[in-house]
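Trainee: Contents are compact mmCIF, C-alpha atoms; file name data.txt:
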# COMPACT_ATOMS: atom_id res chain seq x y z
CA MET E 1 -51.30 -12.71 110.47
CA ASP E 2 -52.91 -10.48 112.98
CA PRO E 3 -54.37 -12.41 115.89
CA SER E 4 -56.82 -10.57 118.10
CA GLY E 5 -58.94 -11.71 121.00
CA ASP E 6 -57.70 -13.86 123.84
CA GLY E 7 -60.02 -16.81 123.28
CA GLY E 8 -59.60 -17.82 126.90
CA ASP E 9 -61.88 -15.52 128.87
CA GLY E 10 -64.70 -18.00 129.10
CA THR E 11 -67.09 -15.93 126.96
CA ARG E 12 -65.80 -17.06 123.57
CA ASP E 13 -66.75 -20.33 121.99
CA GLY E 14 -64.10 -20.87 119.33
CA ALA E 15 -61.66 -19.43 116.87
CA SER E 16 -62.27 -17.82 113.53
CA ALA E 17 -60.00 -17.09 110.59
CA VAL E 18 -60.70 -14.15 108.26
CA VAL E 19 -58.93 -14.29 104.90
CA VAL E 20 -58.65 -10.84 103.33
CA ALA E 21 -57.75 -10.71 99.64
CA ASP E 22 -57.15 -6.99 99.28
CA ARG E 23 -57.39 -4.49 102.11
CA ARG E 24 -56.50 -1.50 99.97
CA GLY E 25 -60.05 -0.97 98.76
CA ARG E 26 -62.24 1.15 101.00
CA SER E 27 -65.11 -1.34 101.09
CA ALA E 28 -62.80 -4.28 101.77
CA SER E 29 -61.15 -2.42 104.61
CA LEU E 30 -64.49 -1.42 106.14
CA ALA E 31 -65.96 -4.90 105.69
CA THR E 32 -62.93 -6.48 107.36
CA ALA E 33 -63.22 -4.16 110.34
CA VAL E 34 -66.97 -4.78 110.74
CA LEU E 35 -66.59 -8.54 110.34
CA VAL E 36 -63.72 -8.78 112.83
CA GLU E 37 -65.63 -6.67 115.35
CA ARG E 38 -68.73 -8.86 114.96
CA LEU E 39 -66.82 -12.16 115.19
CA SER E 40 -64.65 -11.09 118.12
CA THR E 41 -67.70 -10.93 120.41
CA ARG E 42 -67.74 -14.73 120.43
CA HIS E 43 -64.47 -15.88 118.87
CA SER E 44 -60.79 -15.23 118.91
CA VAL E 45 -60.10 -13.84 115.43
CA THR E 46 -57.06 -14.35 113.22
CA VAL E 47 -56.86 -12.09 110.18
CA ILE E 48 -54.92 -13.56 107.26
CA ASP E 49 -53.90 -10.70 104.97
CA LEU E 50 -53.03 -12.01 101.50
CA ALA E 51 -50.88 -9.00 100.52
CA GLY E 52 -47.66 -10.51 99.21
CA PHE E 53 -49.00 -14.05 99.49
CA GLY E 54 -48.06 -15.92 96.28
CA ILE E 55 -50.98 -16.63 93.96
CA ALA E 56 -49.44 -19.61 92.18
CA MET E 57 -48.49 -22.97 93.64
CA THR E 58 -44.76 -23.39 93.06
CA ALA E 59 -43.07 -26.46 91.58
CA ASP E 60 -41.62 -27.32 95.02
CA GLU E 61 -45.08 -27.12 96.56
CA ARG E 62 -46.58 -29.30 93.85
CA ARG E 63 -43.86 -31.92 94.41
CA ALA E 64 -44.42 -31.78 98.18
CA TYR E 65 -48.20 -32.11 97.61
CA GLU E 66 -47.76 -35.84 97.02
CA THR E 67 -45.75 -36.35 100.23
CA ASP E 68 -46.65 -36.59 103.93
CA ASP E 69 -45.45 -33.01 104.45
CA PRO E 70 -47.11 -30.97 101.69
CA ILE E 71 -46.43 -27.48 103.11
CA VAL E 72 -43.05 -25.87 102.42
CA ASP E 73 -43.77 -22.13 102.89
CA PRO E 74 -43.97 -20.68 106.47
CA ARG E 75 -46.80 -18.30 105.50
CA VAL E 76 -48.79 -21.23 104.15
CA ARG E 77 -48.06 -23.12 107.39
CA SER E 78 -49.38 -20.17 109.49
CA SER E 79 -52.57 -20.09 107.43
CA ALA E 80 -53.02 -23.86 107.69
CA ASP E 81 -52.58 -23.68 111.49
CA ALA E 82 -55.17 -20.90 111.75
CA VAL E 83 -57.66 -22.84 109.61
CA SER E 84 -57.10 -26.03 111.60
CA GLU E 85 -58.11 -24.26 114.82
CA ALA E 86 -61.05 -22.32 113.41
CA SER E 87 -64.75 -23.05 113.65
CA VAL E 88 -65.56 -20.06 111.44
CA LEU E 89 -63.78 -19.40 108.15
CA ALA E 90 -64.47 -16.05 106.50
CA PHE E 91 -63.33 -14.37 103.30
CA VAL E 92 -63.34 -10.71 102.30
CA THR E 93 -62.68 -10.50 98.60
CA PRO E 94 -63.33 -8.32 95.58
CA LEU E 95 -64.81 -10.21 92.62
CA LEU E 96 -63.37 -9.08 89.31
CA SER E 97 -64.48 -11.86 86.99
CA SER E 98 -66.67 -14.94 87.27
CA GLY E 99 -64.50 -16.92 89.70
CA LEU E 100 -63.01 -16.13 93.07
CA SER E 101 -60.39 -13.42 93.11
CA ALA E 102 -56.93 -14.77 92.25
CA PRO E 103 -55.40 -14.24 95.75
CA VAL E 104 -58.19 -16.23 97.43
CA LYS E 105 -58.08 -18.97 94.80
CA GLY E 106 -54.30 -19.18 95.16
CA TRP E 107 -54.71 -19.36 98.95
CA LEU E 108 -57.17 -22.26 98.63
CA ASP E 109 -54.82 -24.08 96.23
CA ARG E 110 -51.76 -23.69 98.46
CA VAL E 111 -53.21 -23.94 101.98
CA LEU E 112 -56.00 -26.53 101.74
CA VAL E 113 -53.66 -29.33 100.74
CA PRO E 114 -53.90 -32.99 101.85
CA GLY E 115 -53.90 -33.11 105.66
CA VAL E 116 -55.51 -29.67 105.93
CA GLY E 117 -58.46 -29.34 103.54
CA PHE E 118 -59.02 -33.04 103.04
CA VAL E 119 -57.56 -36.40 103.89
CA ILE E 120 -56.73 -39.18 101.47
CA GLY E 121 -57.74 -42.52 103.00
CA GLU E 122 -55.89 -45.79 102.61
CA ASP E 123 -58.35 -46.75 99.89
CA GLY E 124 -57.30 -43.63 97.93
CA ARG E 125 -60.61 -41.86 98.51
CA MET E 126 -60.81 -38.24 99.61
CA ARG E 127 -62.44 -37.47 102.96
CA PRO E 128 -63.40 -34.07 104.41
CA GLY E 129 -60.68 -32.36 106.43
CA LEU E 130 -62.56 -29.27 107.64
CA ARG E 131 -65.34 -30.87 109.69
CA HIS E 132 -64.50 -28.46 112.54
CA ILE E 133 -65.64 -25.50 110.40
CA ARG E 134 -69.27 -24.77 111.32
CA GLN E 135 -69.73 -21.50 109.46
CA LEU E 136 -68.39 -20.14 106.16
CA ILE E 137 -68.78 -16.41 105.57
CA THR E 138 -67.93 -14.52 102.40
CA VAL E 139 -68.08 -10.77 101.99
CA SER E 140 -67.78 -10.12 98.26
CA ILE E 141 -67.03 -6.64 96.96
CA ASP E 142 -68.99 -6.93 93.76
CA ASP E 143 -70.49 -4.21 91.54
CA ARG E 144 -72.12 -6.56 89.03
CA SER E 145 -75.90 -6.67 88.67
CA ARG E 146 -77.85 -9.79 89.63
CA ILE E 147 -78.59 -10.52 85.94
CA ARG E 148 -74.95 -10.21 84.99
CA ARG E 149 -73.85 -12.47 87.84
CA PHE E 150 -76.36 -15.09 86.71
CA ARG E 151 -75.33 -14.78 83.06
CA GLU E 152 -71.65 -15.13 83.92
CA GLY E 153 -72.19 -18.22 86.07
CA ASP E 154 -71.33 -16.82 89.52
CA SER E 155 -68.60 -19.44 89.85
CA ALA E 156 -67.08 -17.86 92.96
CA ARG E 157 -70.12 -18.64 95.04
CA ARG E 158 -70.05 -22.28 93.92
CA VAL E 159 -66.42 -22.69 95.00
CA ILE E 160 -67.23 -21.58 98.55
CA ALA E 161 -70.81 -22.78 99.02
CA ARG E 162 -70.35 -26.15 97.34
CA ALA E 163 -66.70 -27.20 96.81
CA LEU E 164 -65.43 -25.88 100.14
CA ARG E 165 -68.58 -26.87 101.99
CA LEU E 166 -68.17 -30.41 100.73
CA VAL E 167 -65.00 -30.81 102.82
CA CYS E 168 -66.65 -29.16 105.84
CA GLY E 169 -69.90 -31.10 105.88
CA TRP E 170 -73.40 -30.31 104.65
CA SER E 171 -74.45 -29.10 108.11
CA THR E 172 -71.90 -26.28 107.82
CA ARG E 173 -73.72 -23.07 107.00
CA SER E 174 -72.57 -20.66 104.33
CA SER E 175 -73.33 -16.93 104.36
CA TRP E 176 -72.74 -14.77 101.32
CA ILE E 177 -72.75 -11.00 101.87
CA ARG E 178 -72.49 -8.83 98.78
CA VAL E 179 -71.52 -5.18 99.08
CA SER E 180 -70.66 -2.70 96.38
CA SER E 181 -67.33 -0.92 96.19
CA THR E 182 -69.12 2.38 96.83
CA ALA E 183 -71.11 1.20 99.87
CA SER E 184 -71.03 3.43 102.93
CA ALA E 185 -69.80 2.23 106.31
CA GLY E 186 -73.43 2.09 107.51
CA GLU E 187 -74.54 -0.03 104.55
CA ILE E 188 -71.68 -2.49 105.08
CA SER E 189 -72.38 -2.67 108.79
CA ASP E 190 -76.09 -3.32 108.13
CA ALA E 191 -75.30 -6.02 105.55
CA VAL E 192 -72.97 -7.87 107.93
CA ALA E 193 -75.33 -7.44 110.88
CA GLY E 194 -78.24 -8.79 108.81
CA ALA E 195 -76.31 -11.93 107.91
CA ALA E 196 -74.87 -12.28 111.42
CA ARG E 197 -78.34 -12.93 112.84
CA ARG E 198 -78.18 -16.38 111.20
CA TRP E 199 -74.72 -17.28 112.52
CA MET H 1 -54.26 -17.57 65.08
CA VAL H 2 -54.83 -19.65 68.22
CA THR H 3 -54.05 -18.55 71.78
CA LEU H 4 -53.01 -21.45 74.01
CA VAL H 5 -52.85 -20.84 77.76
CA TYR H 6 -50.98 -23.36 79.87
CA CYS H 7 -50.88 -23.45 83.66
CA HIS H 8 -49.22 -26.19 85.72
CA PRO H 9 -46.10 -25.88 87.91
CA LEU H 10 -44.56 -29.25 87.02
CA GLU H 11 -42.94 -29.97 83.67
CA GLY H 12 -43.41 -33.74 83.99
CA SER H 13 -47.15 -33.56 84.65
CA LEU H 14 -50.00 -34.92 82.55
CA ASN H 15 -50.99 -31.31 81.87
CA ALA H 16 -47.53 -30.64 80.43
CA ALA H 17 -48.06 -33.64 78.13
CA ALA H 18 -51.49 -32.22 77.25
CA ARG H 19 -49.88 -28.88 76.31
CA THR H 20 -47.37 -30.67 74.08
CA ALA H 21 -50.16 -32.74 72.47
CA ALA H 22 -52.17 -29.58 71.80
CA LEU H 23 -49.17 -27.73 70.32
CA ASP H 24 -48.28 -30.72 68.12
CA SER H 25 -51.86 -30.74 66.82
CA LEU H 26 -51.57 -27.09 65.80
CA THR H 27 -48.70 -27.57 63.34
CA GLY H 28 -48.94 -24.93 60.63
CA VAL H 29 -51.13 -22.64 62.75
CA GLU H 30 -49.85 -19.41 64.28
CA VAL H 31 -49.95 -19.97 68.06
CA HIS H 32 -49.64 -17.40 70.83
CA LEU H 33 -48.48 -19.45 73.85
CA VAL H 34 -49.21 -18.04 77.30
CA ASP H 35 -47.16 -20.11 79.74
CA LEU H 36 -48.36 -19.14 83.21
CA SER H 37 -46.02 -21.65 84.85
CA ALA H 38 -42.92 -19.66 83.89
CA PRO H 39 -41.56 -18.47 87.27
CA ASP H 40 -40.48 -15.01 86.04
CA ARG H 41 -43.71 -14.25 84.16
CA ASP H 42 -45.38 -10.95 85.06
CA THR H 43 -49.01 -11.50 84.08
CA SER H 44 -50.03 -7.90 84.83
CA ALA H 45 -47.26 -6.47 82.63
CA LEU H 46 -48.08 -8.84 79.76
CA ALA H 47 -51.88 -8.42 79.96
CA ALA H 48 -52.05 -5.91 77.09
CA LYS H 49 -49.95 -8.16 74.83
CA ASP H 50 -52.14 -11.18 75.62
CA ALA H 51 -55.32 -9.16 75.05
CA ASP H 52 -53.96 -8.04 71.69
CA ALA H 53 -53.24 -11.66 70.71
CA LEU H 54 -56.73 -12.74 71.82
CA ALA H 55 -58.26 -9.96 69.71
CA ARG H 56 -56.58 -11.55 66.66
CA SER H 57 -57.31 -15.18 67.62
CA THR H 58 -60.08 -17.36 66.24
CA ALA H 59 -59.74 -19.93 69.03
CA LEU H 60 -58.66 -20.19 72.66
CA VAL H 61 -57.20 -23.39 74.13
CA LEU H 62 -56.84 -23.66 77.92
CA VAL H 63 -54.72 -26.42 79.49
CA TYR H 64 -54.82 -26.55 83.30
CA PRO H 65 -55.52 -28.78 86.30
CA THR H 66 -58.82 -28.20 88.12
CA TRP H 67 -58.11 -27.41 91.78
CA TRP H 68 -60.91 -26.67 94.22
CA SER H 69 -63.45 -26.88 91.43
CA GLY H 70 -61.86 -24.17 89.31
CA PRO H 71 -58.74 -22.99 87.53
CA PRO H 72 -55.53 -22.50 89.56
CA GLY H 73 -54.87 -19.10 91.11
CA ALA H 74 -52.36 -18.16 88.39
CA LEU H 75 -54.95 -18.74 85.65
CA GLN H 76 -57.61 -16.89 87.64
CA HIS H 77 -55.15 -13.98 87.86
CA TRP H 78 -54.79 -14.07 84.06
CA PHE H 79 -58.61 -13.98 83.70
CA ASP H 80 -58.79 -11.03 86.10
CA GLU H 81 -56.07 -9.11 84.24
CA VAL H 82 -56.94 -9.91 80.59
CA TRP H 83 -60.67 -10.70 80.57
CA THR H 84 -61.61 -7.44 82.25
CA PRO H 85 -65.29 -6.40 82.45
CA SER H 86 -64.92 -4.23 79.33
CA ALA H 87 -62.92 -6.75 77.27
CA THR H 88 -64.57 -8.58 74.35
CA PHE H 89 -62.91 -10.90 71.85
CA GLY H 90 -65.44 -11.20 69.03
CA SER H 91 -63.06 -13.06 66.72
CA ILE H 92 -62.92 -16.13 69.00
CA ARG H 93 -65.34 -18.76 67.72
CA ARG H 94 -64.07 -21.78 69.63
CA ILE H 95 -62.87 -22.42 73.16
CA ILE H 96 -61.34 -25.79 74.04
CA VAL H 97 -60.70 -26.52 77.71
CA CYS H 98 -58.33 -29.41 78.46
CA THR H 99 -58.35 -30.12 82.17
CA THR H 100 -57.80 -32.81 84.78
CA HIS H 101 -59.72 -33.44 87.99
CA GLY H 102 -58.30 -35.43 90.91
CA SER H 103 -61.76 -36.50 92.05
CA SER H 104 -64.61 -38.21 90.26
CA LYS H 105 -67.26 -36.73 87.99
CA LEU H 106 -69.83 -37.19 90.79
CA VAL H 107 -67.76 -35.22 93.30
CA ASN H 108 -67.16 -32.49 90.73
CA SER H 109 -70.88 -32.29 89.99
CA LEU H 110 -71.58 -31.85 93.70
CA GLU H 111 -68.90 -29.15 93.82
CA GLY H 112 -70.68 -27.25 91.06
CA GLU H 113 -68.03 -27.46 88.29
CA SER H 114 -67.31 -23.76 88.60
CA GLY H 115 -64.41 -23.99 86.11
CA LYS H 116 -66.77 -25.31 83.47
CA ARG H 117 -69.19 -22.46 84.11
CA THR H 118 -66.38 -19.93 83.85
CA ALA H 119 -65.57 -21.21 80.35
CA SER H 120 -69.09 -21.85 79.10
CA ARG H 121 -70.67 -18.71 80.49
CA TYR H 122 -68.14 -16.02 81.49
CA LEU H 123 -65.52 -16.46 78.75
CA ARG H 124 -68.04 -17.44 76.10
CA SER H 125 -70.16 -14.35 76.76
CA ARG H 126 -67.20 -12.21 75.65
CA CYS H 127 -66.46 -14.11 72.43
CA ALA H 128 -68.26 -14.41 69.08
CA PRO H 129 -72.06 -14.85 69.44
CA ARG H 130 -72.08 -18.53 68.47
CA CYS H 131 -68.78 -19.44 70.06
CA GLN H 132 -68.52 -23.18 70.76
CA VAL H 133 -67.04 -24.50 73.99
CA ARG H 134 -65.52 -27.99 74.05
CA TRP H 135 -64.79 -29.49 77.48
CA VAL H 136 -62.10 -32.21 77.37
CA ALA H 137 -61.74 -33.42 80.94
CA LEU H 138 -60.17 -36.37 82.70
CA TYR H 139 -61.99 -37.10 85.97
CA GLY H 140 -60.56 -39.25 88.76
CA LEU H 141 -56.94 -38.60 87.80
CA ASP H 142 -55.71 -39.65 91.25
CA ARG H 143 -56.83 -43.22 90.66
CA CYS H 144 -56.70 -43.70 86.90
CA GLY H 145 -54.28 -45.84 84.94
CA ALA H 146 -52.00 -45.17 81.98
CA ASP H 147 -54.67 -46.21 79.46
CA ARG H 148 -57.11 -43.48 80.54
CA ARG H 149 -54.31 -40.90 80.53
CA ALA H 150 -53.40 -41.92 76.98
CA ARG H 151 -57.07 -41.68 75.94
CA HIS H 152 -57.24 -38.17 77.43
CA LEU H 153 -54.24 -37.06 75.37
CA ALA H 154 -55.74 -38.65 72.25
CA GLN H 155 -59.01 -36.76 72.89
CA ILE H 156 -57.05 -33.51 73.15
CA ARG H 157 -55.24 -34.20 69.87
CA ARG H 158 -58.55 -34.89 68.11
CA ALA H 159 -60.27 -31.80 69.53
CA VAL H 160 -57.40 -29.37 68.93
CA SER H 161 -56.48 -30.70 65.47
CA LEU H 162 -59.90 -29.50 64.25
CA LEU H 163 -58.58 -25.95 64.73
CA ALA H 164 -55.81 -26.64 62.22
CA SER H 165 -58.11 -27.92 59.48
Please re-express this file's structure in structure tokens.

Mentor:
Amino acid sequence: MDPSGDGGDGTRDGASAVVVADRRGRSASLATAVLVERLSTRHSVTVIDLAGFGIAMTADERRAYETDDPIVDPRVRSSADAVSEASVLAFVTPLLSSGLSAPVKGWLDRVLVPGVGFVIGEDGRMRPGLRHIRQLITVSIDDRSRIRRFREGDSARRVIARALRLVCGWSTRSSWIRVSSTASAGEISDAVAGAARRW
Amino acid sequence: MVTLVYCHPLEGSLNAAARTAALDSLTGVEVHLVDLSAPDRDTSALAAKDADALARSTALVLVYPTWWSGPPGALQHWFDEVWTPSATFGSIRRIIVCTTHGSSKLVNSLEGESGKRTASRYLRSRCAPRCQVRWVALYGLDRCGADRRARHLAQIRRAVSLLAS
């Protein structure tokens, strides 16, 4: 975790969490820098780097999932704390196949557990747990053509724009910024700036 | 040959029972079992071996819980490593997905059922041209009783046993 911004200077109106799946790629690194710079004008920003973050939910975590204290890993706890304070949740992720990249999907599985991502009511029904999130932003590093994305189902976008948005609330806006792995710094900056006008 | 991919961290889960039901229904069939729940499994190192098995398989069976509208991270990692953009498995004519959803069918429809699209569009597009996808899903697992769980396992046995005939 790499917190930046003081969040207490009177000019910022909330916190944001940026989940970065893989910073080794040039485009991912550039996109993270541009996004953090853009968000930090109005928010305190916490970058959650998923390098070394386990992809799979462990047996201990799955057992704890059913209890009142479903988080057992300190890194998962840090992420959950950052998400709980954020009004903007952003992802920077390469897309290799139809779904979200494995690190981001593993992060969702392990961090957005009961009490964080959603709440189970006394009647057993699930209720949204991320109503404080007003904006979802995804920067996908994706070299596939539009036709290929359509043919393959574009599942990743559905996970963020529909499944995740369902636990935020329908008034939460979702921005999807697609950049190629060969995009220049200027192109990435323009793509983020273009989307940022709607935030 | 059938490749069966299993992904759930708990041995006592309904998905573990589903894996056992599927394996029992494949008696007499050569099965390549990919157990993604094994703690010491290195999916990246075993990707070539799994791809080789898929290239010789006529069917793929996936057993996993649906979390956040899609397959767990460990299974997504397997897709990323084995089902690479250049990979095709033209011998696979059937895909059977056996999955459980904590929430209802309505909630899953609103969420977009991205796991279903991954199977019916992404995986299918890399298999034989007329590959059939069978979706065997239990919705509302969090609030369902033993009878619906038993029916789910029976459905899996029926669907998977067709691969052995």

Trainee: Taking 5 positions as the minimum chain separation for residues in the same chain, which residues sit within 9 Å of E:Asp22 when counting all atoms listed in the file? Answer as a PyMOL selection string.

Mentor: chain E and resi 28-29+49-51+92-94+103

Trainee: As an exercise, work out the distance from atom CA of E:Ser184 to atom CA of E:Ala21 in Å and give it to one decimal place.

Mentor: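 Taking atom CA of E:Ser184 as the start and atom CA of E:Ala21 as the end point, the length is 19.7 Å.
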
Trainee: Rounded to one decimal place, report the atom CA of H:Val133-atom CA of H:His32 distance in Å.

Mentor: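 Computing it gives 19.1 Å between the two atoms.
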
Trainee: Record the distance separating atom CA of E:Val104 and atom CA of E:Thr46, expressed in Å with one decimal.

Mentor: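 Atom CA of E:Thr46 lies 15.9 Å from atom CA of E:Val104.
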
Trainee: Applying 10 Å and only C-alpha atoms, which residues near stretch 103-115 of chain H remain after dropping the ones on its own chain fewer than 4 positions away? List them as a count of residues only.

Mentor: 41

Trainee: Edge lengths and centre, in Å to one decimal, as JSON: that's what I need for the box along x, y and z that holds all listed atoms of stretch 53-56 of chain E plus 6 Å on each side.

Mentor:
{"center_x": -49.5, "center_y": -16.8, "center_z": 95.8, "size_x": 14.9, "size_y": 17.6, "size_z": 19.3}

Trainee: Measuring atom to atom with all atoms listed in the file, identify which of E:Val139, E:Val36, E:Leu96, E:Val72 is nearest to E:Ala59.

Mentor: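 Nearest to E:Ala59: E:Val72.
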
Trainee: Which neighbours of E:Arg77 fall inside 12 Å, counting all atoms listed in the file, when residues of the same chain fewer than 4 positions from it are skipped, and could you give them as a ChimeraX atom specification?

Mentor: /E:1,48,61,69-73,81-84,107,110-113,115-116

Trainee: Find the residue from E:Ser79, E:Ser189, E:Ser180, E:Ser175 that sits nearest to E:Thr32; use all atoms listed in the file when measuring.

Mentor: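 Of E:Ser79, E:Ser189, E:Ser180, E:Ser175, the one nearest E:Thr32 is E:Ser189, counting all atoms listed in the file.
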
Trainee: For each of H:Cys7, H:Ala74, H:Cys144, H:Ala48, take the minimum atom-to-atom distance to chain E, counting all atoms listed in the file, then give the residue where this is smallest.

Mentor: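 Using all atoms listed in the file, chain E sits closest to H:Ala74.
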
Trainee: Out of E:Thr58, E:Ser44, E:Thr182, E:Ser97, which residue has the shortest atom-to-atom distance to H:Pro9 when counting all atoms listed in the file?

Mentor: E:Thr58

Trainee: Taking 6 positions as the minimum chain separation for residues in the same chain, which residues sit within 12 Å of E:Val34 when counting all atoms listed in the file? Answer as JSON, numbers by chain.

Mentor: {"E": [18, 27, 28, 40, 41, 92, 139, 185, 186, 187, 188, 189, 190, 191, 192, 193, 196]}

Trainee: Let me make sure I understand: among H:Pro65, H:Gly28, H:Pro39, H:Pro85, which one has the smallest atom-to-atom distance to H:Ser13 if we use all atoms listed in the file?

Mentor: H:Pro65

Trainee: Using all atoms listed in the file, which of H:Ser25, H:Thr58, H:Ser86, H:Gln132 sits nearest chain E?

Mentor: H:Ser86

Trainee: Report as a list in words all protein, DNA and RNA residues lying within 10 Å of H:Thr88, evaluated on only C-alpha atoms, omitting residues in the same chain fewer than 3 positions from it.

Mentor: Ala51, Leu54, Ala55, Val82, Trp83, Thr84, Pro85, Ser91, Ile92, Leu123, Arg124, Ser125, Arg126, Cys127 and Ala128 of chain H
